[in-house]
>>> print(open('data31.cif').read())   # mmCIF, C-alpha atoms and all ligand atoms; chains and numbers go by the auth columns
data_data
loop_
_atom_site.group_PDB
_atom_site.id
_atom_site.type_symbol
_atom_site.label_atom_id
_atom_site.label_comp_id
_atom_site.label_asym_id
_atom_site.label_seq_id
_atom_site.Cartn_x
_atom_site.Cartn_y
_atom_site.Cartn_z
_atom_site.B_iso_or_equiv
_atom_site.auth_seq_id
_atom_site.auth_asym_id
ATOM 1 C CA MET A 1 -108.644 6.569 -18.999 0.00 1 A
ATOM 2 C CA ARG A 2 -111.958 5.898 -20.684 0.00 2 A
ATOM 3 C CA ILE A 3 -113.510 2.429 -20.578 0.00 3 A
ATOM 4 C CA ASP A 4 -116.588 1.443 -22.586 0.00 4 A
ATOM 5 C CA LEU A 5 -118.331 -1.752 -21.479 0.00 5 A
ATOM 6 C CA LEU A 6 -120.578 -3.667 -23.841 0.00 6 A
ATOM 7 C CA THR A 7 -122.824 -6.240 -22.152 0.00 7 A
ATOM 8 C CA ILE A 8 -126.352 -7.612 -22.116 0.00 8 A
ATOM 9 C CA PHE A 9 -126.302 -7.179 -18.321 0.00 9 A
ATOM 10 C CA PRO A 10 -125.440 -3.525 -17.679 0.00 10 A
ATOM 11 C CA GLY A 11 -126.829 -3.838 -14.152 0.00 11 A
ATOM 12 C CA TYR A 12 -124.117 -6.350 -13.337 0.00 12 A
ATOM 13 C CA PHE A 13 -121.548 -3.539 -13.101 0.00 13 A
ATOM 14 C CA THR A 14 -123.438 -1.372 -10.628 0.00 14 A
ATOM 15 C CA GLY A 15 -121.563 -2.823 -7.657 0.00 15 A
ATOM 16 C CA PRO A 16 -118.029 -3.049 -9.071 0.00 16 A
ATOM 17 C CA LEU A 17 -118.090 0.453 -10.573 0.00 17 A
ATOM 18 C CA ASP A 18 -119.602 2.171 -7.552 0.00 18 A
ATOM 19 C CA THR A 19 -117.404 0.662 -4.879 0.00 19 A
ATOM 20 C CA SER A 20 -113.948 1.216 -3.542 0.00 20 A
ATOM 21 C CA LEU A 21 -111.058 2.682 -5.514 0.00 21 A
ATOM 22 C CA VAL A 22 -112.894 2.319 -8.820 0.00 22 A
ATOM 23 C CA ALA A 23 -115.572 4.694 -7.542 0.00 23 A
ATOM 24 C CA SER A 24 -112.901 7.068 -6.200 0.00 24 A
ATOM 25 C CA ALA A 25 -111.076 7.039 -9.542 0.00 25 A
ATOM 26 C CA ARG A 26 -114.314 7.970 -11.307 0.00 26 A
ATOM 27 C CA ASP A 27 -115.024 10.730 -8.790 0.00 27 A
ATOM 28 C CA ALA A 28 -111.501 12.080 -9.335 0.00 28 A
ATOM 29 C CA ASP A 29 -111.983 12.033 -13.148 0.00 29 A
ATOM 30 C CA ILE A 30 -109.082 9.605 -13.515 0.00 30 A
ATOM 31 C CA LEU A 31 -111.538 7.118 -14.942 0.00 31 A
ATOM 32 C CA ASP A 32 -114.523 7.592 -17.258 0.00 32 A
ATOM 33 C CA VAL A 33 -116.607 4.401 -17.538 0.00 33 A
ATOM 34 C CA ARG A 34 -119.586 4.073 -19.860 0.00 34 A
ATOM 35 C CA VAL A 35 -121.767 0.982 -19.716 0.00 35 A
ATOM 36 C CA HIS A 36 -123.727 0.090 -22.858 0.00 36 A
ATOM 37 C CA ASP A 37 -126.554 -2.404 -23.282 0.00 37 A
ATOM 38 C CA LEU A 38 -125.863 -4.532 -26.360 0.00 38 A
ATOM 39 C CA ARG A 39 -129.597 -4.881 -26.906 0.00 39 A
ATOM 40 C CA ASP A 40 -129.679 -1.190 -27.870 0.00 40 A
ATOM 41 C CA TRP A 41 -128.101 -2.301 -31.168 0.00 41 A
ATOM 42 C CA ALA A 42 -130.589 -5.133 -31.819 0.00 42 A
ATOM 43 C CA THR A 43 -132.803 -4.620 -34.857 0.00 43 A
ATOM 44 C CA ASP A 44 -135.827 -6.852 -34.203 0.00 44 A
ATOM 45 C CA ARG A 45 -138.705 -6.288 -31.853 0.00 45 A
ATOM 46 C CA HIS A 46 -137.444 -8.899 -29.396 0.00 46 A
ATOM 47 C CA ARG A 47 -134.113 -7.077 -29.205 0.00 47 A
ATOM 48 C CA SER A 48 -132.287 -10.342 -29.963 0.00 48 A
ATOM 49 C CA VAL A 49 -128.521 -10.470 -29.641 0.00 49 A
ATOM 50 C CA ASP A 50 -128.229 -14.211 -30.314 0.00 50 A
ATOM 51 C CA ASP A 51 -129.402 -16.849 -32.771 0.00 51 A
ATOM 52 C CA ALA A 52 -129.126 -20.581 -33.461 0.00 52 A
ATOM 53 C CA PRO A 53 -125.764 -21.799 -34.796 0.00 53 A
ATOM 54 C CA TYR A 54 -125.252 -22.556 -38.486 0.00 54 A
ATOM 55 C CA GLY A 55 -124.513 -26.260 -38.772 0.00 55 A
ATOM 56 C CA GLY A 56 -126.755 -27.048 -35.840 0.00 56 A
ATOM 57 C CA GLY A 57 -125.922 -27.992 -32.283 0.00 57 A
ATOM 58 C CA ALA A 58 -126.941 -26.951 -28.805 0.00 58 A
ATOM 59 C CA GLY A 59 -126.980 -23.405 -27.528 0.00 59 A
ATOM 60 C CA MET A 60 -127.101 -19.964 -29.035 0.00 60 A
ATOM 61 C CA VAL A 61 -124.466 -17.820 -30.712 0.00 61 A
ATOM 62 C CA MET A 62 -124.038 -14.068 -30.300 0.00 62 A
ATOM 63 C CA ARG A 63 -124.819 -12.260 -33.528 0.00 63 A
ATOM 64 C CA ALA A 64 -122.032 -10.581 -35.467 0.00 64 A
ATOM 65 C CA ASP A 65 -124.263 -7.883 -36.971 0.00 65 A
ATOM 66 C CA VAL A 66 -125.369 -6.602 -33.554 0.00 66 A
ATOM 67 C CA LEU A 67 -121.924 -6.805 -31.958 0.00 67 A
ATOM 68 C CA VAL A 68 -120.093 -5.217 -34.891 0.00 68 A
ATOM 69 C CA ASP A 69 -122.566 -2.318 -35.027 0.00 69 A
ATOM 70 C CA ALA A 70 -122.247 -1.820 -31.276 0.00 70 A
ATOM 71 C CA ALA A 71 -118.446 -1.777 -31.399 0.00 71 A
ATOM 72 C CA GLU A 72 -118.386 0.655 -34.341 0.00 72 A
ATOM 73 C CA SER A 73 -120.793 3.024 -32.573 0.00 73 A
ATOM 74 C CA VAL A 74 -118.742 3.004 -29.412 0.00 74 A
ATOM 75 C CA TRP A 75 -115.428 3.406 -31.247 0.00 75 A
ATOM 76 C CA ASN A 76 -116.848 6.456 -33.028 0.00 76 A
ATOM 77 C CA ASP A 77 -118.768 7.773 -30.068 0.00 77 A
ATOM 78 C CA VAL A 78 -122.098 7.779 -31.892 0.00 78 A
ATOM 79 C CA PRO A 79 -125.406 6.511 -30.439 0.00 79 A
ATOM 80 C CA PRO A 80 -127.070 3.206 -31.446 0.00 80 A
ATOM 81 C CA GLY A 81 -128.537 3.459 -34.920 0.00 81 A
ATOM 82 C CA ALA A 82 -126.378 6.386 -36.030 0.00 82 A
ATOM 83 C CA ALA A 83 -124.087 5.681 -38.955 0.00 83 A
ATOM 84 C CA PRO A 84 -120.366 5.518 -38.243 0.00 84 A
ATOM 85 C CA PRO A 85 -118.096 7.383 -40.746 0.00 85 A
ATOM 86 C CA ALA A 86 -117.711 4.185 -42.804 0.00 86 A
ATOM 87 C CA ALA A 87 -117.991 0.470 -42.160 0.00 87 A
ATOM 88 C CA GLY A 88 -115.046 -0.583 -40.031 0.00 88 A
ATOM 89 C CA ALA A 89 -113.700 2.950 -39.802 0.00 89 A
ATOM 90 C CA VAL A 90 -112.831 4.828 -36.680 0.00 90 A
ATOM 91 C CA ALA A 91 -112.938 8.603 -36.469 0.00 91 A
ATOM 92 C CA GLY A 92 -109.527 10.003 -35.602 0.00 92 A
ATOM 93 C CA GLY A 93 -107.498 6.960 -36.645 0.00 93 A
ATOM 94 C CA ALA A 94 -106.875 3.587 -35.074 0.00 94 A
ATOM 95 C CA ARG A 95 -109.600 1.735 -33.244 0.00 95 A
ATOM 96 C CA PRO A 96 -109.171 1.639 -29.487 0.00 96 A
ATOM 97 C CA ARG A 97 -107.943 -1.523 -27.795 0.00 97 A
ATOM 98 C CA THR A 98 -111.019 -3.764 -27.848 0.00 98 A
ATOM 99 C CA VAL A 99 -111.007 -6.787 -25.569 0.00 99 A
ATOM 100 C CA LEU A 100 -113.334 -9.688 -26.241 0.00 100 A
ATOM 101 C CA PHE A 101 -113.792 -11.914 -23.215 0.00 101 A
ATOM 102 C CA THR A 102 -113.840 -15.585 -24.067 0.00 102 A
ATOM 103 C CA PRO A 103 -112.539 -18.789 -22.486 0.00 103 A
ATOM 104 C CA ARG A 104 -110.409 -19.310 -25.618 0.00 104 A
ATOM 105 C CA GLY A 105 -108.532 -16.034 -25.057 0.00 105 A
ATOM 106 C CA ARG A 106 -105.097 -15.272 -23.636 0.00 106 A
ATOM 107 C CA PRO A 107 -105.131 -15.828 -19.874 0.00 107 A
ATOM 108 C CA LEU A 108 -105.163 -12.531 -18.013 0.00 108 A
ATOM 109 C CA ASP A 109 -101.916 -11.823 -16.158 0.00 109 A
ATOM 110 C CA GLN A 110 -100.173 -8.802 -14.675 0.00 110 A
ATOM 111 C CA ALA A 111 -98.138 -8.199 -17.851 0.00 111 A
ATOM 112 C CA LEU A 112 -101.322 -7.822 -19.888 0.00 112 A
ATOM 113 C CA VAL A 113 -102.883 -5.698 -17.144 0.00 113 A
ATOM 114 C CA ARG A 114 -99.903 -3.340 -17.291 0.00 114 A
ATOM 115 C CA GLU A 115 -100.198 -3.162 -21.060 0.00 115 A
ATOM 116 C CA LEU A 116 -103.912 -2.321 -20.920 0.00 116 A
ATOM 117 C CA ALA A 117 -103.308 0.255 -18.172 0.00 117 A
ATOM 118 C CA GLY A 118 -101.135 2.185 -20.651 0.00 118 A
ATOM 119 C CA GLU A 119 -104.016 2.722 -23.084 0.00 119 A
ATOM 120 C CA GLU A 120 -106.051 5.907 -23.211 0.00 120 A
ATOM 121 C CA ARG A 121 -109.223 4.022 -24.124 0.00 121 A
ATOM 122 C CA LEU A 122 -110.414 0.458 -23.628 0.00 122 A
ATOM 123 C CA VAL A 123 -113.514 -1.177 -25.049 0.00 123 A
ATOM 124 C CA LEU A 124 -114.536 -4.310 -23.153 0.00 124 A
ATOM 125 C CA LEU A 125 -116.940 -6.673 -24.891 0.00 125 A
ATOM 126 C CA CYS A 126 -118.598 -9.320 -22.727 0.00 126 A
ATOM 127 C CA GLY A 127 -119.594 -12.533 -24.476 0.00 127 A
ATOM 128 C CA ARG A 128 -122.517 -14.666 -23.324 0.00 128 A
ATOM 129 C CA TYR A 129 -124.227 -17.831 -24.447 0.00 129 A
ATOM 130 C CA GLU A 130 -122.344 -20.746 -25.926 0.00 130 A
ATOM 131 C CA GLY A 131 -120.347 -18.718 -28.343 0.00 131 A
ATOM 132 C CA ILE A 132 -119.754 -15.646 -30.425 0.00 132 A
ATOM 133 C CA ASP A 133 -119.949 -15.475 -34.224 0.00 133 A
ATOM 134 C CA GLU A 134 -116.389 -15.854 -35.503 0.00 134 A
ATOM 135 C CA ARG A 135 -116.660 -12.626 -37.492 0.00 135 A
ATOM 136 C CA VAL A 136 -116.756 -10.661 -34.236 0.00 136 A
ATOM 137 C CA HIS A 137 -113.344 -12.086 -33.419 0.00 137 A
ATOM 138 C CA GLU A 138 -112.125 -10.937 -36.829 0.00 138 A
ATOM 139 C CA LEU A 139 -113.798 -7.540 -37.150 0.00 139 A
ATOM 140 C CA VAL A 140 -113.955 -6.263 -33.584 0.00 140 A
ATOM 141 C CA ALA A 141 -111.449 -7.773 -31.174 0.00 141 A
ATOM 142 C CA THR A 142 -107.899 -6.493 -30.899 0.00 142 A
ATOM 143 C CA ASP A 143 -107.446 -8.828 -27.911 0.00 143 A
ATOM 144 C CA GLU A 144 -109.147 -11.987 -26.692 0.00 144 A
ATOM 145 C CA VAL A 145 -108.830 -12.520 -22.968 0.00 145 A
ATOM 146 C CA SER A 146 -109.767 -15.337 -20.609 0.00 146 A
ATOM 147 C CA LEU A 147 -109.830 -15.301 -16.831 0.00 147 A
ATOM 148 C CA GLY A 148 -108.461 -18.837 -16.561 0.00 148 A
ATOM 149 C CA ASP A 149 -109.078 -22.453 -17.392 0.00 149 A
ATOM 150 C CA TYR A 150 -112.703 -22.800 -16.361 0.00 150 A
ATOM 151 C CA VAL A 151 -115.992 -21.819 -17.942 0.00 151 A
ATOM 152 C CA LEU A 152 -118.098 -18.859 -16.837 0.00 152 A
ATOM 153 C CA MET A 153 -121.555 -18.010 -18.108 0.00 153 A
ATOM 154 C CA GLY A 154 -120.290 -14.753 -19.563 0.00 154 A
ATOM 155 C CA GLY A 155 -117.441 -12.295 -19.705 0.00 155 A
ATOM 156 C CA GLU A 156 -118.819 -9.837 -17.136 0.00 156 A
ATOM 157 C CA VAL A 157 -116.744 -11.169 -14.240 0.00 157 A
ATOM 158 C CA ALA A 158 -113.644 -11.042 -16.429 0.00 158 A
ATOM 159 C CA ALA A 159 -114.385 -7.442 -17.442 0.00 159 A
ATOM 160 C CA ALA A 160 -114.820 -6.473 -13.787 0.00 160 A
ATOM 161 C CA ALA A 161 -111.479 -8.163 -13.012 0.00 161 A
ATOM 162 C CA VAL A 162 -109.727 -6.220 -15.790 0.00 162 A
ATOM 163 C CA ILE A 163 -111.195 -2.947 -14.555 0.00 163 A
ATOM 164 C CA GLU A 164 -110.032 -3.535 -10.971 0.00 164 A
ATOM 165 C CA ALA A 165 -106.585 -4.657 -12.018 0.00 165 A
ATOM 166 C CA VAL A 166 -106.095 -1.818 -14.524 0.00 166 A
ATOM 167 C CA VAL A 167 -107.569 1.015 -12.476 0.00 167 A
ATOM 168 C CA ARG A 168 -105.334 0.391 -9.478 0.00 168 A
ATOM 169 C CA LEU A 169 -102.315 0.978 -11.752 0.00 169 A
ATOM 170 C CA LEU A 170 -103.529 4.366 -13.023 0.00 170 A
ATOM 171 C CA PRO A 171 -101.502 7.280 -11.669 0.00 171 A
ATOM 172 C CA GLY A 172 -103.194 8.824 -8.638 0.00 172 A
ATOM 173 C CA VAL A 173 -105.374 5.841 -7.740 0.00 173 A
ATOM 174 C CA LEU A 174 -103.247 4.117 -5.106 0.00 174 A
ATOM 175 C CA GLY A 175 -101.860 6.175 -2.257 0.00 175 A
ATOM 176 C CA ASN A 176 -98.653 4.214 -1.922 0.00 176 A
ATOM 177 C CA ALA A 177 -96.834 4.042 -5.257 0.00 177 A
ATOM 178 C CA THR A 178 -94.181 1.578 -4.094 0.00 178 A
ATOM 179 C CA SER A 179 -96.751 -1.001 -3.055 0.00 179 A
ATOM 180 C CA THR A 180 -97.593 -2.077 -6.612 0.00 180 A
ATOM 181 C CA ALA A 181 -93.926 -2.778 -7.325 0.00 181 A
ATOM 182 C CA GLU A 182 -93.567 -5.082 -4.323 0.00 182 A
ATOM 183 C CA GLU A 183 -96.748 -7.098 -4.491 0.00 183 A
ATOM 184 C CA SER A 184 -97.415 -10.520 -5.905 0.00 184 A
ATOM 185 C CA PHE A 185 -96.405 -11.085 -9.548 0.00 185 A
ATOM 186 C CA GLU A 186 -94.731 -7.713 -10.051 0.00 186 A
ATOM 187 C CA ARG A 187 -91.415 -9.345 -9.178 0.00 187 A
ATOM 188 C CA GLY A 188 -92.308 -12.745 -10.501 0.00 188 A
ATOM 189 C CA LEU A 189 -92.912 -14.112 -6.995 0.00 189 A
ATOM 190 C CA LEU A 190 -95.931 -14.443 -4.755 0.00 190 A
ATOM 191 C CA GLU A 191 -96.086 -11.974 -1.910 0.00 191 A
ATOM 192 C CA HIS A 192 -94.457 -12.666 1.467 0.00 192 A
ATOM 193 C CA PRO A 193 -96.613 -13.042 4.610 0.00 193 A
ATOM 194 C CA GLN A 194 -97.762 -9.844 6.340 0.00 194 A
ATOM 195 C CA TYR A 195 -98.649 -9.143 9.983 0.00 195 A
ATOM 196 C CA THR A 196 -100.138 -6.279 11.919 0.00 196 A
ATOM 197 C CA ARG A 197 -101.175 -5.831 15.559 0.00 197 A
ATOM 198 C CA PRO A 198 -101.942 -7.538 17.877 0.00 198 A
ATOM 199 C CA ALA A 199 -98.533 -9.169 18.425 0.00 199 A
ATOM 200 C CA GLU A 200 -100.218 -12.298 19.693 0.00 200 A
ATOM 201 C CA LEU A 201 -103.533 -13.811 18.679 0.00 201 A
ATOM 202 C CA ARG A 202 -104.904 -17.118 19.986 0.00 202 A
ATOM 203 C CA GLY A 203 -101.430 -18.299 20.777 0.00 203 A
ATOM 204 C CA LEU A 204 -100.019 -17.278 17.402 0.00 204 A
ATOM 205 C CA GLY A 205 -97.218 -14.738 17.475 0.00 205 A
ATOM 206 C CA VAL A 206 -95.425 -12.675 14.847 0.00 206 A
ATOM 207 C CA PRO A 207 -92.025 -13.747 13.446 0.00 207 A
ATOM 208 C CA GLU A 208 -89.379 -12.197 15.695 0.00 208 A
ATOM 209 C CA VAL A 209 -87.383 -10.750 12.791 0.00 209 A
ATOM 210 C CA LEU A 210 -90.272 -8.425 11.868 0.00 210 A
ATOM 211 C CA ARG A 211 -90.033 -6.810 15.313 0.00 211 A
ATOM 212 C CA SER A 212 -86.232 -6.636 15.333 0.00 212 A
ATOM 213 C CA GLY A 213 -85.881 -3.290 13.568 0.00 213 A
ATOM 214 C CA ASP A 214 -83.190 -4.845 11.333 0.00 214 A
ATOM 215 C CA HIS A 215 -84.318 -3.772 7.865 0.00 215 A
ATOM 216 C CA GLY A 216 -81.773 -5.943 6.062 0.00 216 A
ATOM 217 C CA ALA A 217 -82.867 -9.018 7.995 0.00 217 A
ATOM 218 C CA VAL A 218 -86.517 -8.204 7.344 0.00 218 A
ATOM 219 C CA ALA A 219 -85.905 -7.893 3.600 0.00 219 A
ATOM 220 C CA ALA A 220 -83.981 -11.186 3.501 0.00 220 A
ATOM 221 C CA TRP A 221 -86.696 -12.982 5.476 0.00 221 A
ATOM 222 C CA ARG A 222 -89.420 -11.643 3.200 0.00 222 A
ATOM 223 C CA HIS A 223 -87.577 -12.674 0.053 0.00 223 A
ATOM 224 C CA ALA A 224 -86.990 -16.198 1.428 0.00 224 A
ATOM 225 C CA GLN A 225 -90.664 -16.495 2.398 0.00 225 A
ATOM 226 C CA ALA A 226 -91.834 -15.284 -1.013 0.00 226 A
ATOM 227 C CA LEU A 227 -89.564 -17.773 -2.736 0.00 227 A
ATOM 228 C CA ALA A 228 -90.663 -20.693 -0.533 0.00 228 A
ATOM 229 C CA ARG A 229 -94.312 -19.861 -1.037 0.00 229 A
ATOM 230 C CA THR A 230 -93.885 -19.562 -4.808 0.00 230 A
ATOM 231 C CA ARG A 231 -92.039 -22.895 -4.951 0.00 231 A
ATOM 232 C CA ALA A 232 -94.812 -24.590 -3.013 0.00 232 A
ATOM 233 C CA VAL A 233 -97.848 -23.087 -4.742 0.00 233 A
ATOM 234 C CA ARG A 234 -96.742 -21.727 -8.118 0.00 234 A
ATOM 235 C CA PRO A 235 -93.544 -23.455 -9.253 0.00 235 A
ATOM 236 C CA ASP A 236 -94.524 -22.499 -12.816 0.00 236 A
ATOM 237 C CA LEU A 237 -93.514 -18.892 -11.995 0.00 237 A
ATOM 238 C CA LEU A 238 -89.929 -19.963 -11.305 0.00 238 A
ATOM 239 C CA GLY A 239 -87.142 -21.001 -13.645 0.00 239 A
ATOM 240 C CA PRO A 240 -86.406 -24.679 -14.316 0.00 240 A
ATOM 241 C CA ASP A 241 -83.889 -24.716 -11.444 0.00 241 A
ATOM 242 C CA GLY A 242 -86.489 -23.350 -9.034 0.00 242 A
ATOM 243 C CA SER A 243 -84.579 -20.126 -8.422 0.00 243 A
ATOM 244 C CA ALA A 244 -86.001 -16.618 -8.261 0.00 244 A
ATOM 245 C CA GLU A 245 -83.397 -15.574 -10.839 0.00 245 A
ATOM 246 C CA GLY A 246 -85.187 -17.763 -13.338 0.00 246 A
ATOM 247 C CA ALA A 247 -88.567 -16.281 -12.493 0.00 247 A
ATOM 248 C CA THR A 248 -90.508 -15.138 -15.505 0.00 248 A
ATOM 249 C CA ARG A 249 -90.922 -11.492 -14.827 0.00 249 A
ATOM 250 C CA PRO A 250 -94.372 -10.527 -16.035 0.00 250 A
ATOM 251 C CA GLY A 251 -93.384 -7.626 -18.257 0.00 251 A
HETATM 252 CL CL1 LIG B . -113.633 -14.300 -20.302 0.00 301 A
HETATM 253 N N1 LIG B . -115.695 -15.916 -20.465 0.00 301 A
HETATM 254 C C1 LIG B . -116.318 -17.068 -20.205 0.00 301 A
HETATM 255 N N2 LIG B . -117.557 -17.257 -20.677 0.00 301 A
HETATM 256 N N3 LIG B . -115.763 -18.064 -19.536 0.00 301 A
HETATM 257 C C2 LIG B . -114.537 -17.862 -19.081 0.00 301 A
HETATM 258 C C3 LIG B . -113.816 -16.689 -19.283 0.00 301 A
HETATM 259 C C4 LIG B . -114.452 -15.722 -20.003 0.00 301 A
HETATM 260 N N4 LIG B . -112.623 -16.799 -18.716 0.00 301 A
HETATM 261 C C5 LIG B . -112.593 -18.011 -18.163 0.00 301 A
HETATM 262 N N5 LIG B . -113.740 -18.652 -18.382 0.00 301 A
#
>>> encode(input="data31.cif", output="structure tokens")
Amino acid sequence: MRIDLLTIFPGYFTGPLDTSLVASARDADILDVRVHDLRDWATDRHRSVDDAPYGGGAGMVMRADVLVDAAESVWNDVPPGAAPPAAGAVAGGARPRTVLFTPRGRPLDQALVRELAGEERLVLLCGRYEGIDERVHELVATDEVSLGDYVLMGGEVAAAAVIEAVVRLLPGVLGNATSTAEESFERGLLEHPQYTRPAELRGLGVPEVLRSGDHGAVAAWRHAQALARTRAVRPDLLGPDGSAEGATRPG
């Protein structure tokens, strides 16, 4: 998979892209990430990417001209300043999935992550400031995604979250293929509790069933724990009757 990141803080991604399984995926050529500085598409000597809002009001708005040019360059794989084939056009057909991060977007969940993981290319556009010119939403974004119901200073954290969540689903990235099918959300339930050695720590033991060797009993215990935990913390994941059968299966 290829991911192009568009941001005014390219340095932000140094850690997330060079650590852990994301770094391994890049080393293994499973993942090709290219980070672009939006200011490279600015046209004035201050390299501005924002301006005051029409109609007045506090804060700055990200400029549509800069962001649209940047997206078109990246879609067509041409450097800043080079002309794309035609305005709005994409060489070789459809534009790649282009995610604009904004608090007004669709909340990120595992179903969307799975969808994005199936793409060959992703373009991730990180918003900043108080807003983004509406024409960027119209001309650039195929998807608008939010991390949740709170306000961040920009979309960089959300882009890093998408990369982590997507990359771990790419074939060859995780050692244990069954583990993604059993974890939280993949079955519409939160994950059951896990234990490893030592068998006792500060007076706290390990549930006896997990040491019984009875695989059927272990599976039943885990399912009951997952259901109880989901009921307590995330009843919204369950059906109206509170049963796992009613769970909304993400995807
Ligand atoms: Cl994607 N961007 C910003 N600025 N705030 C957010 C968000 C994104 N998701 C939740 N809050």
>>> residues_near_ligand(input="data31.cif", ligand="ligand LIG 301 (chain A)", cutoff="8 Å", atoms="only C-alpha atoms and all ligand atoms", output="list in words")
Leu100, Phe101, Thr102, Pro103, Arg104, Gly105, Pro107, Cys126, Gly127, Arg128, Tyr129, Glu130, Val145, Ser146, Leu147, Gly148, Asp149, Tyr150, Val151, Leu152, Met153, Gly154, Gly155, Glu156, Val157, Ala158 and Ala159 of chain A
>>> resolve_selection(input="data31.cif", expression="the PyMOL selection byres (((chain A and resi 21) around 9) and not hetatm)", output="list in words")
Leu17, Asp18, Thr19, Ser20, Val22, Ala23, Ser24, Ala25, Arg26, Glu164, Val167, Arg168, Val173 and Leu174 of chain A
>>> closest_residue(input="data31.cif", among="A:Pro171, A:Pro96, A:Pro85, A:Gly131", to="Arg2 (chain A)", atoms="all atoms listed in the file")
A:Pro96
>>> closest_residue(input="data31.cif", among="A:Ala94, A:Val140, A:Leu122, A:Ala111", to="Asp69 (chain A)", atoms="all atoms listed in the file")
A:Val140
>>> atom_distance(input="data31.cif", atom1="CA of Val61 (chain A)", atom2="CA of Asp77 (chain A)")
26.2 Å
>>> residues_near_point(input="data31.cif", point="(-124.2, -23.2, -30.9)", cutoff="10 Å", atoms="all atoms listed in the file", output="list in words")
Asp50, Asp51, Ala52, Pro53, Tyr54, Gly55, Gly56, Gly57, Ala58, Gly59, Met60, Val61, Met62, Tyr129, Glu130, Gly131, Ile132 and Asp133 of chain A
>>> atom_distance(input="data31.cif", atom1="CA of Ala232 (chain A)", atom2="CA of Thr180 (chain A)")
23.0 Å
>>> closest_residue(input="data31.cif", among="A:Asp65, A:Glu138, A:Glu208, A:Glu200", to="Thr43 (chain A)", atoms="all atoms listed in the file")
A:Asp65
>>> residues_around(input="data31.cif", residues="Leu170 (chain A)", least_positions_apart="4", cutoff="9 Å", atoms="only C-alpha atoms", output="list in words")
Met1, Ala25, Ile30, Leu31, Ala117, Gly118, Val166 and Leu174 of chain A
>>> atom_distance(input="data31.cif", atom1="CA of Arg97 (chain A)", atom2="CA of Asp37 (chain A)")
19.2 Å
>>> axis_aligned_box(input="data31.cif", around="region 27-30 of chain A", padding_each_side="8 Å", output="lines of an AutoDock Vina configuration file")
center_x = -112.1
center_y = 10.8
center_z = -11.2
size_x = 21.9
size_y = 18.5
size_z = 20.7
>>> resolve_selection(input="data31.cif", expression="the PyMOL selection byres (((chain A and resi 224) around 12) and not hetatm)", output="list in words")
Leu189, Leu190, Glu191, His192, Pro193, Ala217, Val218, Ala219, Ala220, Trp221, Arg222, His223, Gln225, Ala226, Leu227, Ala228, Arg229, Thr230, Arg231, Ser243 and Ala244 of chain A
>>> residues_around(input="data31.cif", residues="Gly92 (chain A)", least_positions_apart="2", cutoff="10 Å", atoms="only C-alpha atoms", output="list in words")
Trp75, Asn76, Ala89, Val90, Ala94 and Arg95 of chain A
>>> closest_residue(input="data31.cif", among="A:Gln110, A:Thr196, A:Thr7, A:Ser48", to="Ala70 (chain A)", atoms="all atoms listed in the file")
A:Thr7
>>> closest_residue(input="data31.cif", among="A:Leu238, A:Leu5, A:Ala86, A:Arg121", to="Arg187 (chain A)", atoms="only C-alpha atoms")
A:Leu238
>>> closest_residue(input="data31.cif", among="A:Ala91, A:Leu237, A:Val74, A:Ile8", to="Phe185 (chain A)", atoms="all atoms listed in the file")
A:Leu237
>>> build_atoms(input="data31.cif", residues="region 136-143 of chain A", atoms="N, CA, C and O atoms", output="short mmCIF file (atom, residue, chain, number, x, y, z; two decimals), in the coordinates of the input")
data_model
loop_
_atom_site.label_atom_id
_atom_site.label_comp_id
_atom_site.auth_asym_id
_atom_site.auth_seq_id
_atom_site.Cartn_x
_atom_site.Cartn_y
_atom_site.Cartn_z
N VAL A 136 -117.01 -11.66 -35.29
CA VAL A 136 -116.76 -10.66 -34.24
C VAL A 136 -115.28 -10.72 -33.84
O VAL A 136 -114.64 -9.69 -33.63
N HIS A 137 -114.76 -11.93 -33.74
CA HIS A 137 -113.34 -12.09 -33.42
C HIS A 137 -112.50 -11.37 -34.47
O HIS A 137 -111.51 -10.73 -34.16
N GLU A 138 -112.91 -11.51 -35.72
CA GLU A 138 -112.12 -10.94 -36.83
C GLU A 138 -112.27 -9.43 -36.95
O GLU A 138 -111.31 -8.71 -37.22
N LEU A 139 -113.51 -8.95 -36.81
CA LEU A 139 -113.80 -7.54 -37.15
C LEU A 139 -113.70 -6.59 -35.96
O LEU A 139 -113.55 -5.39 -36.13
N VAL A 140 -113.83 -7.13 -34.75
CA VAL A 140 -113.96 -6.26 -33.58
C VAL A 140 -112.77 -6.36 -32.62
O VAL A 140 -112.22 -5.35 -32.20
N ALA A 141 -112.39 -7.59 -32.27
CA ALA A 141 -111.45 -7.77 -31.17
C ALA A 141 -110.02 -7.44 -31.57
O ALA A 141 -109.52 -7.92 -32.59
N THR A 142 -109.36 -6.61 -30.77
CA THR A 142 -107.90 -6.49 -30.90
C THR A 142 -107.23 -7.49 -29.95
O THR A 142 -106.07 -7.85 -30.14
N ASP A 143 -107.96 -7.89 -28.92
CA ASP A 143 -107.45 -8.83 -27.91
C ASP A 143 -108.56 -9.78 -27.52
O ASP A 143 -109.71 -9.37 -27.45
#
